[in-house]
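Enquirer: Data: model.pdb, PDB, C-alpha atoms.
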ATOM      1  CA  MET B   1     -93.531  20.404  15.524
ATOM      2  CA  LEU B   2     -95.557  23.185  17.044
ATOM      3  CA  LEU B   3     -97.910  24.906  14.657
ATOM      4  CA  GLN B   4     -98.831  28.521  15.229
ATOM      5  CA  LEU B   5    -101.715  29.884  13.195
ATOM      6  CA  GLN B   6    -102.071  33.421  11.986
ATOM      7  CA  PRO B   7    -104.349  35.429  14.330
ATOM      8  CA  GLU B   8    -106.819  35.968  11.467
ATOM      9  CA  PHE B   9    -107.795  32.303  11.730
ATOM     10  CA  ASP B  10    -109.181  32.793  15.258
ATOM     11  CA  ASP B  11    -112.376  34.505  14.084
ATOM     12  CA  ILE B  12    -112.901  31.905  11.368
ATOM     13  CA  LEU B  13    -112.211  28.769  13.418
ATOM     14  CA  GLN B  14    -113.790  29.748  16.743
ATOM     15  CA  PRO B  15    -117.434  29.331  15.588
ATOM     16  CA  LEU B  16    -116.599  25.945  14.054
ATOM     17  CA  GLY B  17    -116.101  24.288  17.407
ATOM     18  CA  HIS B  18    -113.506  22.708  19.624
ATOM     19  CA  HIS B  19    -110.352  21.556  17.792
ATOM     20  CA  ALA B  20    -111.545  22.995  14.463
ATOM     21  CA  ALA B  21    -107.957  23.534  13.270
ATOM     22  CA  GLU B  22    -107.070  19.880  13.925
ATOM     23  CA  PHE B  23    -110.243  18.724  12.178
ATOM     24  CA  PHE B  24    -109.655  20.797   9.055
ATOM     25  CA  LEU B  25    -105.985  19.830   8.854
ATOM     26  CA  ALA B  26    -106.829  16.133   9.220
ATOM     27  CA  ALA B  27    -109.739  16.458   6.763
ATOM     28  CA  SER B  28    -107.505  18.203   4.223
ATOM     29  CA  LEU B  29    -104.879  15.468   4.486
ATOM     30  CA  TYR B  30    -107.618  12.832   4.156
ATOM     31  CA  HIS B  31    -109.026  14.587   1.066
ATOM     32  CA  ALA B  32    -105.511  14.779  -0.409
ATOM     33  CA  GLY B  33    -105.140  11.010   0.033
ATOM     34  CA  LYS B  34    -102.313  11.361   2.551
ATOM     35  CA  LEU B  35    -104.229   9.763   5.454
ATOM     36  CA  SER B  36    -106.758   6.998   5.766
ATOM     37  CA  PHE B  37    -110.169   7.828   7.169
ATOM     38  CA  ALA B  38    -109.348   6.128  10.468
ATOM     39  CA  ARG B  39    -106.014   7.922  10.873
ATOM     40  CA  ALA B  40    -107.526  11.307  10.010
ATOM     41  CA  ALA B  41    -110.360  10.774  12.501
ATOM     42  CA  HIS B  42    -107.841   9.889  15.200
ATOM     43  CA  LEU B  43    -105.688  12.950  14.471
ATOM     44  CA  ALA B  44    -108.805  15.133  14.524
ATOM     45  CA  GLY B  45    -109.625  13.771  17.975
ATOM     46  CA  LEU B  46    -112.928  12.314  16.816
ATOM     47  CA  ASP B  47    -114.431   8.868  16.698
ATOM     48  CA  PHE B  48    -115.461   7.255  13.420
ATOM     49  CA  ASP B  49    -119.018   8.614  13.419
ATOM     50  CA  GLY B  50    -118.001  12.060  14.643
ATOM     51  CA  PHE B  51    -115.438  12.481  11.878
ATOM     52  CA  LYS B  52    -117.875  11.221   9.229
ATOM     53  CA  THR B  53    -120.540  13.621  10.492
ATOM     54  CA  ARG B  54    -118.217  16.628  10.425
ATOM     55  CA  LEU B  55    -116.906  15.725   6.960
ATOM     56  CA  THR B  56    -120.467  15.531   5.675
ATOM     57  CA  GLU B  57    -121.367  18.781   7.430
ATOM     58  CA  HIS B  58    -118.425  20.760   6.031
ATOM     59  CA  PHE B  59    -117.611  18.983   2.746
ATOM     60  CA  GLY B  60    -120.887  17.394   1.649
ATOM     61  CA  GLN B  61    -119.640  13.797   1.892
ATOM     62  CA  GLY B  62    -118.272  11.552   4.580
ATOM     63  CA  PHE B  63    -116.024   9.206   2.646
ATOM     64  CA  ILE B  64    -113.760   9.552  -0.337
ATOM     65  CA  ILE B  65    -112.948   6.326  -2.075
ATOM     66  CA  ALA B  66    -109.419   6.727  -3.411
ATOM     67  CA  GLU B  67    -106.899   4.079  -4.319
ATOM     68  CA  PRO B  68    -104.250   4.634  -1.596
ATOM     69  CA  CYS B  69    -106.663   4.502   1.325
ATOM     70  CA  VAL B  70    -109.481   2.232   0.135
ATOM     71  CA  LEU B  71    -108.391  -1.041   1.730
ATOM     72  CA  GLU B  72    -107.634   0.504   5.110
ATOM     73  CA  ASP B  73    -110.955   2.371   5.096
ATOM     74  CA  VAL B  74    -112.892  -0.753   4.109
ATOM     75  CA  ASP B  75    -111.211  -2.666   6.953
ATOM     76  CA  THR B  76    -112.126   0.110   9.378
ATOM     77  CA  VAL B  77    -115.792   0.033   8.293
ATOM     78  CA  ASN B  78    -115.948  -3.764   8.431
ATOM     79  CA  ASN B  79    -114.415  -3.871  11.900
ATOM     80  CA  TRP B  80    -116.615  -1.095  13.273
TER      81      TRP B  80
END
Would it be possible to restate this file's structure as structure tokens?
Expert:
Amino acid sequence: MLLQLQPEFDDILQPLGHHAAEFFLAASLYHAGKLSFARAAHLAGLDFDGFKTRLTEHFGQGFIIAEPCVLEDVDTVNNW
């Protein structure tokens, strides 16, 4: 699936850095409990620390402990 954003997003996303659209899509799916932290970081094209840093920067927290993703996230942290 190829995603084409409305041109109005260009001015908003451009100052937020390289691959901002991918980051915010992955972060939104992570926040909605649809992706684990590790999977969202991968889809955003970031490593563990980079994704955590950007989540904290833009959303005020790096991790969300939610039932569907907790065990996978805990495994990721323990194996890091």
Enquirer: Find, counting all atoms listed in the file, the residue in B:Met1, B:Lys52, B:Ala44, B:Gln61 that gets nearest to Ala21 (chain B).
Expert: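 Among the listed residues, the smallest separation from Ala21 (chain B) belongs to B:Ala44.
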Enquirer: Find the residues around Leu43 (chain B) up to 9 Å (all atoms listed in the file counted), leave out those fewer than 2 positions away in its own chain, and share them as a compact mmCIF listing (two decimals) with C-alpha atoms, in the coordinates of the input.
Expert:
# COMPACT_ATOMS: atom_id res chain seq x y z
CA GLU B 22 -107.07 19.88 13.92
CA PHE B 23 -110.24 18.72 12.18
CA LEU B 25 -105.98 19.83 8.85
CA ALA B 26 -106.83 16.13 9.22
CA ALA B 38 -109.35 6.13 10.47
CA ARG B 39 -106.01 7.92 10.87
CA ALA B 40 -107.53 11.31 10.01
CA ALA B 41 -110.36 10.77 12.50
CA GLY B 45 -109.62 13.77 17.98
CA LEU B 46 -112.93 12.31 16.82
Enquirer: In Å, rounded to a single decimal, give me how far CA of His18 (chain B) is from CA of Glu72 (chain B).
Expert: 27.2 Å
Enquirer: Distance CA of Asp47 (chain B)-CA of Gln4 (chain B), one decimal place?
Expert: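 Distance between the two atoms: 25.1 Å.
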Enquirer: I'd like the neighbourhood of Phe59 (chain B) as a list in words, where a residue qualifies if any of its atoms comes within 12 Å (using only C-alpha atoms), though same-chain residues fewer than 2 positions away should be ignored.
Expert: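 The residues that qualify are Phe23, Phe24, Ala27, Ser28, Tyr30, His31, Phe51, Lys52, Thr53, Arg54, Leu55, Thr56, Glu57, Gln61, Gly62, Phe63 and Ile64 of chain B.
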